[in-house]
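Dropping entry35.cif in here (mmCIF, C-alpha atoms):
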data_start
#
loop_
_atom_site.label_atom_id
_atom_site.label_comp_id
_atom_site.auth_asym_id
_atom_site.auth_seq_id
_atom_site.Cartn_x
_atom_site.Cartn_y
_atom_site.Cartn_z
CA MET H 1 211.61 132.55 201.88
CA ILE H 2 214.44 130.23 200.94
CA THR H 3 215.02 129.88 197.21
CA LEU H 4 215.47 126.63 195.33
CA ILE H 5 219.17 127.31 194.77
CA GLU H 6 219.78 127.81 198.50
CA LYS H 7 217.69 124.78 199.42
CA LEU H 8 219.35 122.42 196.95
CA SER H 9 222.87 123.72 197.68
CA GLY H 10 222.29 122.91 201.35
CA ILE H 11 224.15 125.96 202.63
CA PRO H 12 224.10 125.79 206.46
CA ALA H 13 222.22 128.67 208.09
CA GLY H 14 224.54 130.95 210.00
CA SER H 15 227.62 130.04 207.93
CA THR H 16 229.79 132.71 206.31
CA LEU H 17 228.67 131.36 202.94
CA ALA H 18 225.04 131.91 203.94
CA ALA H 19 226.00 135.48 204.88
CA ALA H 20 227.68 136.00 201.48
CA LEU H 21 224.56 134.71 199.75
CA LYS H 22 222.43 137.08 201.77
CA THR H 23 224.20 139.97 200.06
CA ARG H 24 223.18 138.37 196.74
CA ALA H 25 219.52 137.97 197.74
CA GLU H 26 218.26 139.83 194.67
CA VAL H 27 220.24 137.51 192.35
CA LEU H 28 218.68 134.52 194.11
CA ARG H 29 215.21 136.07 193.91
CA LEU H 30 215.56 136.74 190.18
CA SER H 31 216.95 133.22 189.65
CA GLU H 32 213.82 131.84 191.31
CA ALA H 33 211.63 134.06 189.12
CA ALA H 34 213.51 132.80 186.05
CA HIS H 35 212.84 129.22 187.15
CA ASP H 36 209.13 130.00 187.33
CA ALA H 37 209.23 131.75 183.93
CA VAL H 38 210.70 128.73 182.11
CA LEU H 39 209.06 125.89 184.07
CA LEU H 40 205.63 127.35 184.77
CA PRO H 41 205.10 130.17 182.25
CA ARG H 42 201.69 131.80 181.94
CA ASP H 43 201.95 131.30 178.17
CA PRO H 44 203.72 127.95 177.63
CA GLY H 45 203.35 128.03 173.81
CA GLY H 46 204.03 124.58 172.36
CA LEU H 47 205.95 123.42 175.45
CA SER H 48 203.50 122.25 178.10
CA HIS H 49 204.49 122.51 181.74
CA ALA H 50 204.82 118.71 181.78
CA LEU H 51 207.15 118.70 178.77
CA ARG H 52 209.27 121.42 180.34
CA ALA H 53 209.56 119.42 183.58
CA ALA H 54 210.49 116.25 181.67
CA LEU H 55 213.18 118.02 179.65
CA ALA H 56 214.55 119.75 182.77
CA ALA H 57 214.79 116.40 184.58
CA ARG H 58 216.53 114.91 181.53
CA MET H 59 219.14 117.69 181.44
CA CYS H 60 219.76 117.38 185.18
CA ARG H 61 220.33 113.65 184.74
CA HIS H 62 222.96 114.46 182.09
CA VAL H 63 224.79 116.73 184.49
CA GLY H 64 224.19 114.41 187.46
CA ASN H 65 222.38 116.46 190.10
CA ALA H 66 220.08 114.03 191.94
CA ALA H 67 218.35 116.70 194.04
CA LEU H 68 217.44 118.77 191.00
CA VAL H 69 216.35 115.63 189.10
CA ALA H 70 213.99 114.84 192.00
CA HIS H 71 212.65 118.40 191.93
CA TYR H 72 211.76 118.25 188.24
CA ASP H 73 210.54 114.64 188.41
CA GLY H 74 208.17 115.92 191.11
CA TYR H 75 206.82 118.58 188.77
CA LEU H 76 206.39 115.95 186.06
CA ALA H 77 204.55 113.55 188.36
CA HIS H 78 202.34 116.39 189.55
CA SER H 79 201.37 117.18 185.95
CA GLY H 80 199.98 113.66 185.51
CA ASP H 81 201.05 113.74 181.85
CA ASP H 82 202.36 110.27 180.99
CA ASP H 83 202.85 111.04 177.29
CA VAL H 84 206.07 112.96 177.82
CA ALA H 85 207.34 111.09 180.89
CA ALA H 86 209.76 108.95 178.88
CA LEU H 87 211.63 112.12 177.88
CA ALA H 88 212.76 112.67 181.46
CA ARG H 89 215.53 110.09 180.93
CA PRO H 90 218.47 110.52 178.56
CA GLY H 91 217.84 108.46 175.43
CA GLY H 92 214.09 108.35 176.13
CA VAL H 93 211.69 109.03 173.25
CA CYS H 94 207.95 109.53 173.28
CA GLY H 95 207.07 108.94 169.62
CA ASP H 96 205.91 112.51 168.97
CA ALA H 97 208.22 114.00 166.33
CA ARG H 98 208.08 117.53 167.77
CA HIS H 99 208.74 116.44 171.33
CA ASP H 100 211.50 114.01 170.39
CA ALA H 101 213.23 116.69 168.32
CA MET H 102 213.05 119.07 171.28
CA ALA H 103 214.56 116.42 173.57
CA ARG H 104 217.40 115.90 171.13
CA HIS H 105 218.03 119.65 171.08
CA ALA H 106 217.94 119.86 174.88
CA ASP H 107 220.62 117.13 174.92
CA LEU H 108 222.76 119.11 172.49
CA LEU H 109 222.40 122.34 174.46
CA THR H 110 223.35 120.57 177.67
CA LEU H 111 226.14 118.26 176.52
CA SER H 112 227.89 120.19 173.77
CA PRO H 113 226.36 123.56 172.93
CA ARG H 114 229.62 124.42 171.19
CA ASP H 115 228.67 121.93 168.43
CA ALA H 116 225.29 123.55 167.71
CA THR H 117 224.86 124.93 164.18
CA ARG H 118 222.23 126.36 161.87
CA GLU H 119 221.42 122.74 160.88
CA ASP H 120 220.15 121.99 164.39
CA ILE H 121 217.62 124.82 164.12
CA ALA H 122 216.64 123.50 160.66
CA ARG H 123 216.04 120.04 162.18
CA LEU H 124 213.71 121.51 164.79
CA ARG H 125 211.79 123.41 162.12
CA ALA H 126 211.57 120.28 159.96
CA ALA H 127 210.07 118.41 162.92
CA GLY H 128 207.37 121.06 163.18
CA VAL H 129 208.79 123.22 165.98
CA GLY H 130 208.02 126.89 165.29
CA ASP H 131 210.48 129.71 165.93
CA PRO H 132 208.80 130.96 169.14
CA ASP H 133 208.98 127.43 170.55
CA ILE H 134 212.63 127.14 169.49
CA VAL H 135 213.37 130.23 171.58
CA ARG H 136 211.28 128.92 174.51
CA LEU H 137 213.15 125.60 174.39
CA SER H 138 216.52 127.38 174.26
CA GLU H 139 215.66 129.53 177.28
CA LEU H 140 214.57 126.43 179.20
CA ALA H 141 217.79 124.55 178.41
CA ALA H 142 219.93 127.61 179.06
CA PHE H 143 218.29 128.33 182.41
CA VAL H 144 218.54 124.75 183.65
CA ASN H 145 222.22 124.71 182.79
CA TYR H 146 222.68 128.01 184.67
CA GLN H 147 220.88 126.65 187.72
CA LEU H 148 222.85 123.39 187.66
CA ARG H 149 226.13 125.29 187.64
CA VAL H 150 225.21 127.75 190.37
CA ILE H 151 224.27 124.84 192.62
CA ALA H 152 227.36 122.81 191.67
CA GLY H 153 229.60 125.80 192.42
CA LEU H 154 227.95 126.59 195.75
CA MET H 155 228.24 122.95 196.82
CA LEU H 156 231.98 123.11 196.15
CA LEU H 157 232.26 126.27 198.24
CA LYS H 158 230.31 124.60 201.03
CA GLU H 159 232.70 121.66 200.94
CA ILE H 160 235.75 123.89 201.41
CA ALA H 161 234.23 126.27 203.96
CA MET R 1 230.13 141.03 152.21
CA SER R 2 229.62 139.67 155.74
CA LYS R 3 230.85 136.19 156.57
CA PRO R 4 230.50 133.94 159.63
CA VAL R 5 233.32 134.35 162.18
CA HIS R 6 234.75 131.06 163.44
CA SER R 7 237.84 132.24 165.33
CA PHE R 8 238.06 134.00 168.68
CA THR R 9 238.43 137.76 168.36
CA ALA R 10 238.08 140.81 170.58
CA LYS R 11 236.55 142.73 167.68
CA VAL R 12 232.79 142.51 168.26
CA PRO R 13 230.99 141.04 165.23
CA GLU R 14 227.36 141.43 164.17
CA TRP R 15 224.94 138.79 165.39
CA SER R 16 222.58 137.24 162.87
CA PRO R 17 219.75 134.98 164.08
CA TYR R 18 218.89 131.60 162.51
CA VAL R 19 215.25 132.09 163.54
CA THR R 20 212.98 134.94 162.51
CA PRO R 21 212.95 137.61 165.25
CA VAL R 22 209.74 139.18 166.51
CA ASP R 23 208.48 141.84 164.11
CA PHE R 24 208.82 145.04 166.08
CA ALA R 25 205.67 146.57 164.55
CA GLY R 26 203.63 143.54 165.56
CA ALA R 27 205.07 143.06 169.07
CA THR R 28 202.58 142.47 171.89
CA PRO R 29 202.49 144.77 174.94
CA GLU R 30 204.16 141.98 176.94
CA GLN R 31 206.95 141.66 174.38
CA LEU R 32 207.47 145.44 174.34
CA SER R 33 207.62 145.48 178.12
CA ALA R 34 210.16 142.63 178.20
CA MET R 35 212.30 144.46 175.62
CA LYS R 36 212.23 147.55 177.88
CA ILE R 37 211.04 149.73 175.03
CA THR R 38 210.98 153.41 175.83
CA PRO R 39 210.11 156.27 173.49
CA SER R 40 213.82 157.11 173.31
CA ASN R 41 214.76 153.63 172.03
CA LYS R 42 215.93 153.97 168.48
CA GLY R 43 216.91 150.45 167.59
CA VAL R 44 216.32 147.12 169.29
CA SER R 45 218.96 144.49 168.54
CA SER R 46 218.04 141.40 166.56
CA TYR R 47 219.15 139.39 169.60
CA VAL R 48 216.58 141.06 171.87
CA LEU R 49 213.91 140.78 169.17
CA THR R 50 214.71 137.06 168.91
CA LEU R 51 214.44 136.52 172.66
CA ALA R 52 211.17 138.49 172.68
CA HIS R 53 209.54 135.27 171.41
CA ASP R 54 209.70 134.28 175.09
CA PRO R 55 208.91 137.55 176.89
CA GLU R 56 208.43 135.96 180.31
CA SER R 57 212.04 134.72 180.31
CA LEU R 58 213.48 137.86 178.75
CA GLU R 59 211.81 140.09 181.31
CA ILE R 60 213.65 138.31 184.15
CA ARG R 61 216.91 137.43 182.46
CA SER R 62 217.90 140.99 181.53
CA PRO R 63 217.94 142.37 185.10
CA LEU R 64 219.49 139.14 186.41
CA PHE R 65 222.29 139.34 183.84
CA ASN R 66 222.97 143.00 184.62
CA LEU R 67 223.03 142.42 188.36
CA ILE R 68 225.46 139.50 188.08
CA MET R 69 227.81 141.20 185.65
CA TYR R 70 227.62 144.83 186.74
CA GLY R 71 226.53 144.70 190.39
CA LYS R 72 228.45 146.66 193.03
CA ASP R 73 231.02 145.19 195.50
CA GLY R 74 232.35 141.65 195.49
CA LEU R 75 234.38 140.36 192.54
CA SER R 76 236.03 143.01 190.38
CA PRO R 77 234.37 143.84 187.04
CA ALA R 78 237.42 142.55 185.12
CA GLU R 79 237.33 139.19 186.90
CA ARG R 80 233.60 138.83 186.24
CA GLU R 81 234.44 139.37 182.58
CA LEU R 82 237.17 136.72 182.84
CA GLY R 83 234.62 134.25 184.22
CA ALA R 84 232.33 135.11 181.29
CA ILE R 85 235.17 134.62 178.83
CA ALA R 86 236.08 131.21 180.31
CA ALA R 87 232.51 129.94 179.94
CA SER R 88 232.28 131.37 176.43
CA VAL R 89 235.52 129.64 175.40
CA VAL R 90 234.25 126.28 176.73
CA ASN R 91 231.00 126.75 174.80
CA ARG R 92 232.79 128.33 171.84
CA CYS R 93 230.46 131.31 171.71
CA ILE R 94 232.52 133.58 169.44
CA TYR R 95 230.16 136.50 169.87
CA CYS R 96 230.01 136.41 173.69
CA THR R 97 233.78 135.94 173.88
CA ALA R 98 234.33 138.99 171.67
CA VAL R 99 232.02 141.25 173.67
CA HIS R 100 233.47 140.25 177.02
CA ALA R 101 237.10 140.12 175.88
CA SER R 102 236.65 143.70 174.69
CA ARG R 103 235.14 144.66 178.08
CA PHE R 104 237.97 142.87 179.91
CA LEU R 105 240.44 144.86 177.82
CA GLY R 106 238.56 148.06 178.65
CA HIS R 107 239.15 147.35 182.35
CA THR R 108 242.69 145.96 182.23
CA LYS R 109 244.38 146.74 178.87
CA ARG R 110 245.92 143.25 179.21
CA THR R 111 245.92 142.29 175.53
CA ASP R 112 248.62 139.71 176.31
CA LEU R 113 246.22 137.71 178.49
CA ILE R 114 243.46 137.77 175.88
CA GLU R 115 245.90 136.75 173.14
CA THR R 116 247.08 133.83 175.28
CA ILE R 117 243.49 132.70 175.93
CA PHE R 118 242.58 132.92 172.25
CA ALA R 119 245.70 130.97 171.24
CA ASP R 120 245.70 128.25 173.91
CA GLU R 121 242.06 128.31 175.06
CA LEU R 122 241.61 125.98 178.05
CA GLN R 123 245.37 125.32 178.22
CA ALA R 124 246.13 129.03 178.54
CA SER R 125 248.95 129.77 180.99
CA LEU R 126 248.12 132.95 182.93
CA PRO R 127 249.39 134.81 186.02
CA PRO R 128 248.35 132.96 189.24
CA ARG R 129 245.24 134.95 190.13
CA GLU R 130 243.87 135.07 186.58
CA GLN R 131 244.75 131.37 186.16
CA ALA R 132 242.72 130.35 189.21
CA VAL R 133 239.75 132.48 188.14
CA PHE R 134 239.83 131.30 184.52
CA ASP R 135 240.30 127.61 185.34
CA PHE R 136 237.55 127.49 187.95
CA ALA R 137 235.06 129.23 185.64
CA ALA R 138 235.99 126.97 182.71
CA ARG R 139 235.70 123.79 184.78
CA LEU R 140 232.33 124.87 186.13
CA SER R 141 231.15 125.33 182.53
CA THR R 142 231.78 121.83 181.18
CA THR R 143 229.25 118.98 181.12
CA PRO R 144 229.61 117.17 183.41
CA VAL R 145 230.96 119.86 185.72
CA ALA R 146 234.71 119.31 186.13
CA ALA R 147 235.43 121.82 188.92
CA THR R 148 236.70 120.28 192.16
CA PRO R 149 237.38 121.42 195.73
CA ALA R 150 241.03 121.85 194.68
CA ASP R 151 239.92 124.54 192.21
CA VAL R 152 238.14 126.39 195.03
CA ARG R 153 241.27 126.10 197.19
CA SER R 154 243.21 127.73 194.36
CA LEU R 155 240.74 130.64 194.42
CA LYS R 156 241.33 131.03 198.16
CA GLU R 157 245.09 130.87 197.74
CA VAL R 158 245.09 133.74 195.27
CA GLY R 159 242.98 135.79 197.65
CA LEU R 160 239.34 135.53 196.55
CA ASP R 161 237.01 135.74 199.54
CA GLU R 162 233.72 133.86 199.71
CA LEU R 163 231.62 136.63 198.20
CA GLU R 164 234.06 136.95 195.31
CA GLN R 165 233.92 133.19 194.80
CA VAL R 166 230.10 133.37 194.71
CA ASP R 167 230.29 136.17 192.13
CA LEU R 168 232.62 134.10 189.97
CA ILE R 169 230.22 131.15 190.07
CA LEU R 170 227.41 133.48 189.04
CA SER R 171 229.30 135.11 186.18
CA ALA R 172 230.40 131.75 184.74
CA ALA R 173 226.89 130.30 185.18
CA ILE R 174 225.06 133.23 183.61
CA PHE R 175 227.29 132.72 180.58
CA GLY R 176 226.35 129.07 180.55
CA TRP R 177 222.93 130.60 179.93
CA ALA R 178 223.91 133.40 177.52
CA ASN R 179 226.15 131.14 175.39
CA ARG R 180 223.32 128.64 175.00
CA LEU R 181 221.20 131.39 173.43
CA MET R 182 223.72 133.41 171.48
CA HIS R 183 225.76 130.56 170.02
CA THR R 184 222.85 128.26 169.20
CA LEU R 185 220.17 130.68 167.94
CA GLY R 186 222.38 132.60 165.53
CA GLU R 187 225.89 133.31 164.31
CA PRO R 188 228.50 136.07 164.41
CA LEU R 189 229.14 137.87 161.13
CA ALA R 190 231.89 140.29 160.11
CA GLU R 191 232.95 142.06 156.97
CA ASP R 192 235.78 140.48 155.01
CA ALA R 193 239.07 141.58 156.49
#
Represent the structure from my file as C-alpha cells, please.
Amino acid sequence: MITLIEKLSGIPAGSTLAAALKTRAEVLRLSEAAHDAVLLPRDPGGLSHALRAALAARMCRHVGNAALVAHYDGYLAHSGDDDVAALARPGGVCGDARHDAMARHADLLTLSPRDATREDIARLRAAGVGDPDIVRLSELAAFVNYQLRVIAGLMLLKEIA
Amino acid sequence: MSKPVHSFTAKVPEWSPYVTPVDFAGATPEQLSAMKITPSNKGVSSYVLTLAHDPESLEIRSPLFNLIMYGKDGLSPAERELGAIAASVVNRCIYCTAVHASRFLGHTKRTDLIETIFADELQASLPPREQAVFDFAARLSTTPVAATPADVRSLKEVGLDELEQVDLILSAAIFGWANRLMHTLGEPLAEDA
C-alpha cells in the first residue's frame, strides 16, 4: 500500500527515487503510523479528531503545501464538526479559549519554534489546557512539521531527478 | 545551582520539563509499553516521562527516530548527525544540538567544524561536502521551507546519491519533530561553570 508521503510527493513509479524509497519502506510505514497516532488517536484526550484535522490544515497552510492542506481539510469535512472549522485557516479563531490558545501554540510551533519559552506553556495552562493535552498538541504540531518537510524534500529530489 | 543554558554547546546539559511528567508509579500499561519499560530499566528520563502523556505517539516515534538516525546503509552516521544539528540550530534547540554535536564529534573528532557552526550558525563556512549537507538540512528546516533545486544539485555535486539525499531529508525532518518537543516543552540546565 502506498503511504501518504509517497502519494503526496508524487514520486513516479519505476524511478530511481522510488527505488531508493523502497529501501526506506519501514520509515514510510512508521511515518504513516505516526500520522494515524496524532490525527486519529484511540484516546484523543482534549483534542478531538476534528480539532486535530483543523490545526493540521492550518499548519500546512502556513508552510504552503496545498496537497496536504486538502488532505487535512478532507478529514475536517468528514468530521462534520463546524465549531472548530475556522481554526483551519491562519488567523482563524473559534471563540473557545482552549481551542484558540491551542491554535496560537500550533502557529508558534510551526512558524518560529525557536521563540517558544516557558511563558507559552503557562499561557496554554491559563487557557485551561492540561499538561497531557499540551504534550498531545506538541506531538501533533511536531509531526505535521516533520511530514511537511519530508514531502517538501522529496519533491525537490523529484524535480532534479 | 543549575541554570538554563542559552548558548550552543557540545556538553550535554540536563533537560527540565515545563510540564509535569507522568508519575512513573501511576503510569498506565499503555504508557509503560510506550516507554519500553523492562525489568532492567533503572531510570526513565524526564523527557520520556513527559512524552508518555501521549503514549500512542511515543510508541511510534521512538522506533522511527532510531531507524532514521541509526539505520544501516545510506548516509553516513556523521552526516545524519550534521543534518540533525542543522535543524536544531535553525530551531535553536540547545539540548538537541548538544547531544548531536557530541555524537558528530564521536564519529569525526572535527571540533573545528562544530566550533564554526556554533560561532556562525547558518552562515557557517564549512568544507564543500559538509557545507552542502548542512545548508540543505538548514534550508529544509525553516518555515516556509527555503531549500531549492540548487541545494539538491549541490548535494549531487559533492557526491551524495539519491538514497543518501533521502536519508538527509529524513534526519533533518525528524529533528523538525524532536526540536518542537525538546525546545518547547522544557529547557536545558547546567551547573554554573
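Atom CA of Phe104 of chain R lies 29.5 Å from atom CA of Pro21 of chain R.
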Given the file shown, determine the residues that the PyMOL selection byres ((chain H) within 8 of (chain R)) selects; report them as a count of residues only. 47
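For the atom pair formed by atom CA of Ala77 of chain H and atom CA of Arg52 of chain H, the distance is 12.2 Å, given to one decimal.
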Using all atoms listed in the file, can you tell me which of H:Leu51, H:Ile134, H:Ala67, H:Ala25 comes closest to Ala86 of chain H? H:Leu51
Show which residues sit within 10 Å of Ile117 of chain R, as a PyMOL selection string. Count all atoms listed in the file, and ignore same-chain residues fewer than 5 positions away. chain R and resi 8+85-86+89+101+111-112+122-126+134
Hey, can you pull every residue with an atom no more than 9 Å from (212.4, 116.0, 182.6), using all atoms listed in the file, and send it as JSON, numbers by chain? {"H": [50, 51, 52, 53, 54, 55, 56, 57, 58, 59, 60, 61, 69, 72, 73, 75, 76, 84, 85, 86, 87, 88, 89]}
Straight-line distance linking atom CA of Ala13 of chain H with atom CA of Asp135 of chain R, stated in Å to one decimal: 29.1 Å
Around all of segment 107-122 of chain R's listed atoms, make the axis-aligned box with 8 Å on each side and tell me centre and edge lengths in Å to one decimal, as lines of an AutoDock Vina configuration file.
center_x = 243.9
center_y = 136.7
center_z = 176.8
size_x = 25.5
size_y = 37.4
size_z = 27.1
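Using all atoms listed in the file for every distance, the candidate list R:Thr9, R:Ser154, R:Ser2, R:Gln31 yields R:Ser154 as the residue closest to Arg129 of chain R.
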